[in-house]
>>> print(open('data-v1.pdb').read())   # PDB, C-alpha atoms
MODEL        1
ATOM      1  CA  MET D  46    -135.983  68.458 162.066
ATOM      2  CA  HIS D  47    -132.336  67.437 161.935
ATOM      3  CA  ILE D  48    -132.688  65.440 165.125
ATOM      4  CA  LYS D  49    -135.641  63.481 163.738
ATOM      5  CA  ARG D  50    -133.690  62.650 160.605
ATOM      6  CA  ILE D  51    -130.623  61.555 162.587
ATOM      7  CA  VAL D  52    -132.721  59.466 164.962
ATOM      8  CA  SER D  53    -134.607  57.824 162.099
ATOM      9  CA  ARG D  54    -131.339  56.992 160.307
ATOM     10  CA  LEU D  55    -129.875  55.415 163.425
ATOM     11  CA  LEU D  56    -132.993  53.836 164.829
ATOM     12  CA  LEU D  57    -133.989  51.687 161.870
ATOM     13  CA  PRO D  58    -130.585  49.962 161.424
ATOM     14  CA  THR D  59    -130.272  49.510 165.193
ATOM     15  CA  LEU D  60    -133.694  47.886 165.421
ATOM     16  CA  PHE D  61    -132.874  45.657 162.453
ATOM     17  CA  ILE D  62    -129.618  44.482 164.078
ATOM     18  CA  CYS D  63    -131.416  43.806 167.373
ATOM     19  CA  PHE D  64    -134.055  41.808 165.502
ATOM     20  CA  LEU D  65    -131.396  39.689 163.788
ATOM     21  CA  PHE D  66    -129.602  38.914 167.042
ATOM     22  CA  SER D  67    -132.893  38.106 168.766
ATOM     23  CA  CYS D  68    -133.828  35.637 166.008
ATOM     24  CA  ASP D  69    -130.343  34.141 166.084
ATOM     25  CA  ARG D  70    -130.545  33.535 169.855
ATOM     26  CA  LYS D  71    -133.977  31.931 169.532
ATOM     27  CA  LEU D  72    -132.696  29.651 166.790
ATOM     28  CA  ASP D  73    -129.610  28.758 168.863
ATOM     29  CA  ARG D  74    -131.849  27.794 171.789
ATOM     30  CA  LYS D  75    -134.029  25.708 169.483
ATOM     31  CA  PHE D  76    -130.961  23.947 168.061
ATOM     32  CA  ASP D  77    -129.630  23.362 171.595
ATOM     33  CA  GLU D  78    -132.944  21.758 172.590
ATOM     34  CA  ILE D  79    -132.968  19.570 169.486
ATOM     35  CA  GLU D  80    -129.348  18.514 170.026
ATOM     36  CA  ALA D  81    -130.104  17.621 173.646
ATOM     37  CA  ALA D  82    -133.075  15.505 172.519
ATOM     38  CA  LEU D  83    -131.123  13.651 169.809
ATOM     39  CA  SER D  84    -130.000  10.761 171.985
ATOM     40  CA  GLN D  85    -133.375  10.227 173.704
ATOM     41  CA  ASP D  86    -135.791  11.025 170.885
ATOM     42  CA  PRO D  87    -134.005  11.087 167.526
ATOM     43  CA  GLN D  88    -137.251  10.755 165.561
ATOM     44  CA  GLY D  89    -138.726  13.751 167.386
ATOM     45  CA  ALA D  90    -135.552  15.744 166.725
ATOM     46  CA  TYR D  91    -135.750  14.767 163.056
ATOM     47  CA  GLU D  92    -139.382  15.887 162.853
ATOM     48  CA  ARG D  93    -138.601  19.247 164.503
ATOM     49  CA  LEU D  94    -135.722  19.816 162.093
ATOM     50  CA  SER D  95    -137.919  18.837 159.136
ATOM     51  CA  GLU D  96    -140.186  21.760 159.986
ATOM     52  CA  LEU D  97    -137.309  24.140 159.218
ATOM     53  CA  SER D  98    -135.918  24.983 155.809
ATOM     54  CA  LEU D  99    -132.172  25.115 155.176
ATOM     55  CA  GLN D 100    -132.685  27.939 152.682
ATOM     56  CA  GLY D 101    -134.749  29.880 155.224
ATOM     57  CA  LEU D 102    -131.878  30.063 157.678
ATOM     58  CA  GLY D 103    -130.115  33.383 157.414
ATOM     59  CA  THR D 104    -126.551  32.781 158.517
ATOM     60  CA  ARG D 105    -123.880  30.311 157.499
ATOM     61  CA  ARG D 106    -123.567  29.302 161.139
ATOM     62  CA  ALA D 107    -127.283  28.470 161.393
ATOM     63  CA  ARG D 108    -127.197  26.476 158.140
ATOM     64  CA  ALA D 109    -124.167  24.506 159.358
ATOM     65  CA  ARG D 110    -125.801  23.712 162.698
ATOM     66  CA  TYR D 111    -129.010  22.664 160.956
ATOM     67  CA  ALA D 112    -127.089  20.491 158.485
ATOM     68  CA  LEU D 113    -125.139  18.814 161.289
ATOM     69  CA  LEU D 114    -128.175  18.147 163.465
ATOM     70  CA  MET D 115    -130.209  16.888 160.502
ATOM     71  CA  SER D 116    -127.400  14.499 159.481
ATOM     72  CA  LEU D 117    -127.156  13.151 163.025
ATOM     73  CA  ALA D 118    -130.945  12.889 163.413
ATOM     74  CA  GLN D 119    -131.252  10.978 160.153
ATOM     75  CA  ASP D 120    -128.548   8.532 161.236
ATOM     76  CA  LYS D 121    -130.046   8.025 164.694
ATOM     77  CA  SER D 122    -133.501   7.564 163.125
ATOM     78  CA  TYR D 123    -132.131   4.799 160.860
ATOM     79  CA  ILE D 124    -132.547   6.877 157.712
ATOM     80  CA  ASP D 125    -129.613   5.846 155.533
ATOM     81  CA  VAL D 126    -128.617   8.923 153.571
ATOM     82  CA  GLU D 127    -126.099   8.476 150.766
ATOM     83  CA  ASN D 128    -125.895  12.101 149.593
ATOM     84  CA  ASP D 129    -123.234  13.974 151.558
ATOM     85  CA  SER D 130    -124.412  17.514 150.729
ATOM     86  CA  LEU D 131    -125.796  18.229 154.227
ATOM     87  CA  ALA D 132    -122.823  16.718 156.028
ATOM     88  CA  ARG D 133    -120.423  18.695 153.807
ATOM     89  CA  ILE D 134    -122.107  21.980 154.738
ATOM     90  CA  ALA D 135    -121.345  21.228 158.375
ATOM     91  CA  VAL D 136    -117.793  19.991 157.734
ATOM     92  CA  ASN D 137    -116.964  23.015 155.587
ATOM     93  CA  TYR D 138    -118.178  25.374 158.301
ATOM     94  CA  TYR D 139    -116.663  23.676 161.368
ATOM     95  CA  GLN D 140    -113.316  22.553 159.914
ATOM     96  CA  ASN D 141    -111.539  25.879 160.501
ATOM     97  CA  GLY D 142    -113.398  27.113 163.566
ATOM     98  CA  ASN D 143    -112.878  26.787 167.302
ATOM     99  CA  ASP D 144    -115.924  24.580 167.916
ATOM    100  CA  THR D 145    -114.072  21.276 168.118
ATOM    101  CA  TYR D 146    -117.043  19.294 169.420
ATOM    102  CA  HIS D 147    -119.200  20.139 166.403
ATOM    103  CA  LYS D 148    -116.185  19.671 164.149
ATOM    104  CA  MET D 149    -115.891  16.098 165.434
ATOM    105  CA  LEU D 150    -119.626  15.497 164.994
ATOM    106  CA  SER D 151    -119.564  16.865 161.457
ATOM    107  CA  LEU D 152    -116.663  14.601 160.455
ATOM    108  CA  TYR D 153    -118.389  11.639 162.105
ATOM    109  CA  SER D 154    -121.658  12.323 160.262
ATOM    110  CA  LEU D 155    -119.777  12.703 156.972
ATOM    111  CA  GLY D 156    -118.179   9.299 157.602
ATOM    112  CA  ILE D 157    -121.602   7.775 158.235
ATOM    113  CA  VAL D 158    -122.983   9.154 154.965
ATOM    114  CA  GLN D 159    -119.929   7.996 153.022
ATOM    115  CA  LYS D 160    -120.260   4.553 154.602
ATOM    116  CA  ASN D 161    -123.950   4.442 153.590
ATOM    117  CA  ALA D 162    -122.942   5.361 150.043
ATOM    118  CA  GLY D 163    -120.492   2.445 149.938
ATOM    119  CA  ASN D 164    -117.400   4.646 149.790
ATOM    120  CA  SER D 165    -115.310   2.845 152.414
ATOM    121  CA  THR D 166    -112.056   4.668 151.699
ATOM    122  CA  LEU D 167    -113.492   8.157 152.160
ATOM    123  CA  ALA D 168    -115.528   7.006 155.155
ATOM    124  CA  ILE D 169    -112.427   5.668 156.915
ATOM    125  CA  ILE D 170    -110.603   8.940 156.229
ATOM    126  CA  SER D 171    -113.507  10.939 157.695
ATOM    127  CA  PHE D 172    -113.708   8.662 160.726
ATOM    128  CA  LEU D 173    -109.953   8.952 161.301
ATOM    129  CA  ARG D 174    -110.197  12.740 161.138
ATOM    130  CA  ALA D 175    -113.105  12.621 163.602
ATOM    131  CA  LYS D 176    -111.071  10.306 165.839
ATOM    132  CA  GLU D 177    -108.244  12.850 166.081
ATOM    133  CA  VAL D 178    -110.662  15.470 167.368
ATOM    134  CA  ALA D 179    -112.444  13.016 169.675
ATOM    135  CA  VAL D 180    -109.096  12.050 171.239
ATOM    136  CA  GLU D 181    -108.352  15.726 171.793
ATOM    137  CA  LEU D 182    -111.771  16.151 173.449
ATOM    138  CA  LEU D 183    -111.506  12.871 175.389
ATOM    139  CA  ASP D 184    -114.979  12.013 174.101
ATOM    140  CA  PHE D 185    -115.016   8.286 174.755
ATOM    141  CA  HIS D 186    -118.595   7.826 173.597
ATOM    142  CA  TYR D 187    -117.833   9.039 170.088
ATOM    143  CA  LEU D 188    -114.436   7.342 170.095
ATOM    144  CA  GLY D 189    -116.285   4.065 170.602
ATOM    145  CA  LEU D 190    -118.707   4.832 167.770
ATOM    146  CA  ILE D 191    -115.875   5.887 165.478
ATOM    147  CA  TYR D 192    -113.795   2.776 166.210
ATOM    148  CA  ARG D 193    -116.845   0.545 165.713
ATOM    149  CA  ASN D 194    -117.518   2.063 162.291
ATOM    150  CA  ILE D 195    -113.866   1.776 161.265
ATOM    151  CA  ALA D 196    -113.844  -1.870 162.360
ATOM    152  CA  GLU D 197    -117.024  -2.578 160.369
ATOM    153  CA  LEU D 198    -115.531  -0.957 157.278
ATOM    154  CA  TYR D 199    -112.282  -2.924 157.598
ATOM    155  CA  GLY D 200    -114.288  -6.102 158.176
ATOM    156  CA  ASP D 201    -116.327  -5.466 155.041
ATOM    157  CA  CYS D 202    -113.158  -4.845 153.006
ATOM    158  CA  TYR D 203    -111.562  -8.097 154.100
ATOM    159  CA  ASP D 204    -114.689 -10.258 154.067
TER     160      ASP D 204
ENDMDL
END
>>> encode(input="data-v1.pdb", output="structure tokens")
Amino acid sequence: MHIKRIVSRLLLPTLFICFLFSCDRKLDRKFDEIEAALSQDPQGAYERLSELSLQGLGTRRARARYALLMSLAQDKSYIDVENDSLARIAVNYYQNGNDTYHKMLSLYSLGIVQKNAGNSTLAIISFLRAKEVAVELLDFHYLGLIYRNIAELYGDCYD
């Protein structure tokens, strides 16, 4: 009788933890697939992300990844978002972590949203912060995008 009680007390939490990690891995794979498709099919990536709910995602990490990918998909699908709430979720999560690539992307997407909202000063600051990380990563693709956006913002200010 004691053994059954001990097993039942250990088994249920263990199964629950395994279930959580299994769901987390599946979601990570789904996010990886969506991120890989962003450059080729941004509208498709946007539609796949739209099927998910930010509130339905269990962990802070999953919400940050969703927020980042949704911000990027909206930009690449020519949806001009002016509310920075999604981009801020990603920036707040990635700013102190070790994932420098997603940190750069989150700062870049925040700059895009701020630019869309007409806040040139904050957008330039976000782009400059993203540039620092992109230089560290030697990511020339995003360096080009960042410099182009900074140049457009400076051009608008002096036009």
>>> closest_residue(input="data-v1.pdb", among="D:Asn164, D:Gln85, D:Ser122, D:Ser130", to="Leu99 of chain D", atoms="all atoms listed in the file")
D:Ser130
>>> residues_around(input="data-v1.pdb", residues="segment 148-157 of chain D", least_positions_apart="5", cutoff="7 Å", atoms="only C-alpha atoms", output="JSON list (two decimals) with C-alpha atoms, in the coordinates of the input")
[["chain", "number", "residue", "atom", "x", "y", "z"],
["D", 113, "LEU", "CA", -125.14, 18.81, 161.29],
["D", 116, "SER", "CA", -127.40, 14.50, 159.48],
["D", 117, "LEU", "CA", -127.16, 13.15, 163.02],
["D", 129, "ASP", "CA", -123.23, 13.97, 151.56],
["D", 132, "ALA", "CA", -122.82, 16.72, 156.03],
["D", 133, "ARG", "CA", -120.42, 18.70, 153.81],
["D", 135, "ALA", "CA", -121.34, 21.23, 158.38],
["D", 136, "VAL", "CA", -117.79, 19.99, 157.73],
["D", 139, "TYR", "CA", -116.66, 23.68, 161.37],
["D", 140, "GLN", "CA", -113.32, 22.55, 159.91],
["D", 168, "ALA", "CA", -115.53, 7.01, 155.16],
["D", 169, "ILE", "CA", -112.43, 5.67, 156.92],
["D", 171, "SER", "CA", -113.51, 10.94, 157.70],
["D", 172, "PHE", "CA", -113.71, 8.66, 160.73],
["D", 174, "ARG", "CA", -110.20, 12.74, 161.14],
["D", 175, "ALA", "CA", -113.10, 12.62, 163.60],
["D", 178, "VAL", "CA", -110.66, 15.47, 167.37],
["D", 179, "ALA", "CA", -112.44, 13.02, 169.68]]
>>> atom_distance(input="data-v1.pdb", atom1="atom CA of Val158 of chain D", atom2="atom CA of Arg93 of chain D")
20.9 Å
>>> residues_near_point(input="data-v1.pdb", point="(-128.7, 29.1, 160.6)", cutoff="12 Å", atoms="only C-alpha atoms", output="PDB file with C-alpha atoms, in the frame of the given file")
ATOM      1  CA  LEU D  65    -131.396  39.689 163.788  1.00  0.00           C
ATOM      2  CA  PHE D  66    -129.602  38.914 167.042  1.00  0.00           C
ATOM      3  CA  CYS D  68    -133.828  35.637 166.008  1.00  0.00           C
ATOM      4  CA  ASP D  69    -130.343  34.141 166.084  1.00  0.00           C
ATOM      5  CA  ARG D  70    -130.545  33.535 169.855  1.00  0.00           C
ATOM      6  CA  LYS D  71    -133.977  31.931 169.532  1.00  0.00           C
ATOM      7  CA  LEU D  72    -132.696  29.651 166.790  1.00  0.00           C
ATOM      8  CA  ASP D  73    -129.610  28.758 168.863  1.00  0.00           C
ATOM      9  CA  ARG D  74    -131.849  27.794 171.789  1.00  0.00           C
ATOM     10  CA  LYS D  75    -134.029  25.708 169.483  1.00  0.00           C
ATOM     11  CA  PHE D  76    -130.961  23.947 168.061  1.00  0.00           C
ATOM     12  CA  LEU D  94    -135.722  19.816 162.093  1.00  0.00           C
ATOM     13  CA  LEU D  97    -137.309  24.140 159.218  1.00  0.00           C
ATOM     14  CA  SER D  98    -135.918  24.983 155.809  1.00  0.00           C
ATOM     15  CA  LEU D  99    -132.172  25.115 155.176  1.00  0.00           C
ATOM     16  CA  GLN D 100    -132.685  27.939 152.682  1.00  0.00           C
ATOM     17  CA  GLY D 101    -134.749  29.880 155.224  1.00  0.00           C
ATOM     18  CA  LEU D 102    -131.878  30.063 157.678  1.00  0.00           C
ATOM     19  CA  GLY D 103    -130.115  33.383 157.414  1.00  0.00           C
ATOM     20  CA  THR D 104    -126.551  32.781 158.517  1.00  0.00           C
ATOM     21  CA  ARG D 105    -123.880  30.311 157.499  1.00  0.00           C
ATOM     22  CA  ARG D 106    -123.567  29.302 161.139  1.00  0.00           C
ATOM     23  CA  ALA D 107    -127.283  28.470 161.393  1.00  0.00           C
ATOM     24  CA  ARG D 108    -127.197  26.476 158.140  1.00  0.00           C
ATOM     25  CA  ALA D 109    -124.167  24.506 159.358  1.00  0.00           C
ATOM     26  CA  ARG D 110    -125.801  23.712 162.698  1.00  0.00           C
ATOM     27  CA  TYR D 111    -129.010  22.664 160.956  1.00  0.00           C
ATOM     28  CA  ALA D 112    -127.089  20.491 158.485  1.00  0.00           C
ATOM     29  CA  LEU D 113    -125.139  18.814 161.289  1.00  0.00           C
ATOM     30  CA  LEU D 114    -128.175  18.147 163.465  1.00  0.00           C
ATOM     31  CA  ILE D 134    -122.107  21.980 154.738  1.00  0.00           C
ATOM     32  CA  ALA D 135    -121.345  21.228 158.375  1.00  0.00           C
ATOM     33  CA  TYR D 138    -118.178  25.374 158.301  1.00  0.00           C
TER      34      TYR D 138
END
>>> atom_distance(input="data-v1.pdb", atom1="atom CA of Asp201 of chain D", atom2="atom CA of Asp125 of chain D")
17.5 Å
>>> residues_around(input="data-v1.pdb", residues="Leu188 of chain D", least_positions_apart="3", cutoff="7 Å", atoms="all atoms listed in the file", output="PDB file with C-alpha atoms, keeping the file's coordinate frame")
ATOM      1  CA  LYS D 176    -111.071  10.306 165.839  1.00  0.00           C
ATOM      2  CA  ALA D 179    -112.444  13.016 169.675  1.00  0.00           C
ATOM      3  CA  ASP D 184    -114.979  12.013 174.101  1.00  0.00           C
ATOM      4  CA  PHE D 185    -115.016   8.286 174.755  1.00  0.00           C
ATOM      5  CA  ILE D 191    -115.875   5.887 165.478  1.00  0.00           C
ATOM      6  CA  TYR D 192    -113.795   2.776 166.210  1.00  0.00           C
TER       7      TYR D 192
END
>>> atom_distance(input="data-v1.pdb", atom1="atom CA of Gly163 of chain D", atom2="atom CA of Tyr203 of chain D")
14.4 Å
>>> resolve_selection(input="data-v1.pdb", expression="the PyMOL selection byres ((chain D and resi 198) around 9)", output="list of chain:residue names")
D:Lys160, D:Ser165, D:Thr166, D:Ala168, D:Ile169, D:Arg193, D:Asn194, D:Ile195, D:Ala196, D:Glu197, D:Tyr199, D:Gly200, D:Asp201, D:Cys202, D:Tyr203
>>> closest_residue(input="data-v1.pdb", among="D:Leu131, D:Ser84, D:Ile79, D:Val126", to="His186 of chain D", atoms="only C-alpha atoms")
D:Ser84
>>> decode(input="data-v1.pdb", residues="segment 175-187 of chain D", atoms="all heavy atoms", output="compact mmCIF listing (two decimals), in the first residue's frame")
# COMPACT_ATOMS: atom_id res chain seq x y z
N ALA D 175 20.45 47.72 -31.74
CA ALA D 175 20.46 46.51 -32.58
C ALA D 175 21.75 46.43 -33.38
O ALA D 175 22.31 45.34 -33.56
CB ALA D 175 19.25 46.52 -33.52
N LYS D 176 22.25 47.58 -33.83
CA LYS D 176 23.49 47.62 -34.60
C LYS D 176 24.67 47.09 -33.78
O LYS D 176 25.51 46.33 -34.29
CB LYS D 176 23.79 49.03 -35.09
CG LYS D 176 25.09 49.15 -35.89
CD LYS D 176 25.58 50.57 -36.00
CE LYS D 176 26.08 51.09 -34.71
NZ LYS D 176 27.49 51.18 -34.47
N GLU D 177 24.73 47.48 -32.51
CA GLU D 177 25.82 47.01 -31.65
C GLU D 177 25.85 45.49 -31.58
O GLU D 177 26.92 44.87 -31.67
CB GLU D 177 25.67 47.58 -30.23
CG GLU D 177 25.92 49.06 -30.12
CD GLU D 177 25.61 49.60 -28.74
OE1 GLU D 177 25.37 48.78 -27.80
OE2 GLU D 177 25.61 50.83 -28.58
N VAL D 178 24.69 44.88 -31.46
CA VAL D 178 24.62 43.42 -31.39
C VAL D 178 24.92 42.81 -32.76
O VAL D 178 25.62 41.79 -32.85
CB VAL D 178 23.24 42.96 -30.86
CG1 VAL D 178 23.19 41.45 -30.74
CG2 VAL D 178 22.94 43.61 -29.52
N ALA D 179 24.42 43.41 -33.82
CA ALA D 179 24.67 42.90 -35.17
C ALA D 179 26.16 42.95 -35.51
O ALA D 179 26.67 42.04 -36.17
CB ALA D 179 23.85 43.68 -36.20
N VAL D 180 26.85 43.99 -35.07
CA VAL D 180 28.30 44.08 -35.28
C VAL D 180 29.00 42.94 -34.54
O VAL D 180 29.90 42.28 -35.08
CB VAL D 180 28.84 45.46 -34.82
CG1 VAL D 180 30.35 45.46 -34.71
CG2 VAL D 180 28.37 46.55 -35.78
N GLU D 181 28.57 42.70 -33.32
CA GLU D 181 29.14 41.61 -32.53
C GLU D 181 28.93 40.27 -33.22
O GLU D 181 29.81 39.41 -33.21
CB GLU D 181 28.47 41.63 -31.15
CG GLU D 181 28.92 40.57 -30.18
CD GLU D 181 28.12 40.64 -28.89
OE1 GLU D 181 27.82 41.75 -28.42
OE2 GLU D 181 27.78 39.57 -28.35
N LEU D 182 27.77 40.08 -33.84
CA LEU D 182 27.43 38.83 -34.52
C LEU D 182 27.98 38.76 -35.94
O LEU D 182 27.92 37.71 -36.56
CB LEU D 182 25.91 38.67 -34.58
CG LEU D 182 25.18 38.45 -33.27
CD1 LEU D 182 23.67 38.52 -33.48
CD2 LEU D 182 25.57 37.12 -32.66
N LEU D 183 28.47 39.88 -36.45
CA LEU D 183 28.90 39.99 -37.85
C LEU D 183 27.76 39.61 -38.80
O LEU D 183 27.95 38.94 -39.80
CB LEU D 183 30.13 39.12 -38.12
CG LEU D 183 31.39 39.48 -37.34
CD1 LEU D 183 32.49 38.47 -37.60
CD2 LEU D 183 31.85 40.89 -37.68
N ASP D 184 26.56 40.08 -38.46
CA ASP D 184 25.38 39.81 -39.28
C ASP D 184 25.21 40.97 -40.26
O ASP D 184 24.54 41.96 -39.97
CB ASP D 184 24.14 39.65 -38.40
CG ASP D 184 22.95 39.10 -39.18
OD1 ASP D 184 22.76 39.50 -40.35
OD2 ASP D 184 22.22 38.28 -38.62
N PHE D 185 25.81 40.82 -41.43
CA PHE D 185 25.84 41.89 -42.41
C PHE D 185 24.48 42.16 -43.04
O PHE D 185 24.19 43.28 -43.44
CB PHE D 185 26.91 41.62 -43.46
CG PHE D 185 28.29 41.52 -42.86
CD1 PHE D 185 28.96 40.31 -42.83
CD2 PHE D 185 28.89 42.64 -42.29
CE1 PHE D 185 30.22 40.23 -42.26
CE2 PHE D 185 30.15 42.56 -41.71
CZ PHE D 185 30.81 41.35 -41.69
N HIS D 186 23.66 41.13 -43.11
CA HIS D 186 22.31 41.33 -43.66
C HIS D 186 21.54 42.32 -42.78
O HIS D 186 21.00 43.32 -43.29
CB HIS D 186 21.57 39.99 -43.74
CG HIS D 186 20.13 40.13 -44.10
ND1 HIS D 186 19.72 40.45 -45.38
CD2 HIS D 186 19.00 40.00 -43.36
CE1 HIS D 186 18.40 40.53 -45.40
NE2 HIS D 186 17.94 40.25 -44.19
N TYR D 187 21.49 42.05 -41.49
CA TYR D 187 20.75 42.95 -40.61
C TYR D 187 21.47 44.28 -40.41
O TYR D 187 20.82 45.30 -40.20
CB TYR D 187 20.39 42.28 -39.28
CG TYR D 187 19.09 41.54 -39.41
CD1 TYR D 187 19.06 40.18 -39.68
CD2 TYR D 187 17.88 42.21 -39.33
CE1 TYR D 187 17.85 39.51 -39.85
CE2 TYR D 187 16.67 41.56 -39.50
CZ TYR D 187 16.67 40.20 -39.76
OH TYR D 187 15.48 39.56 -39.95
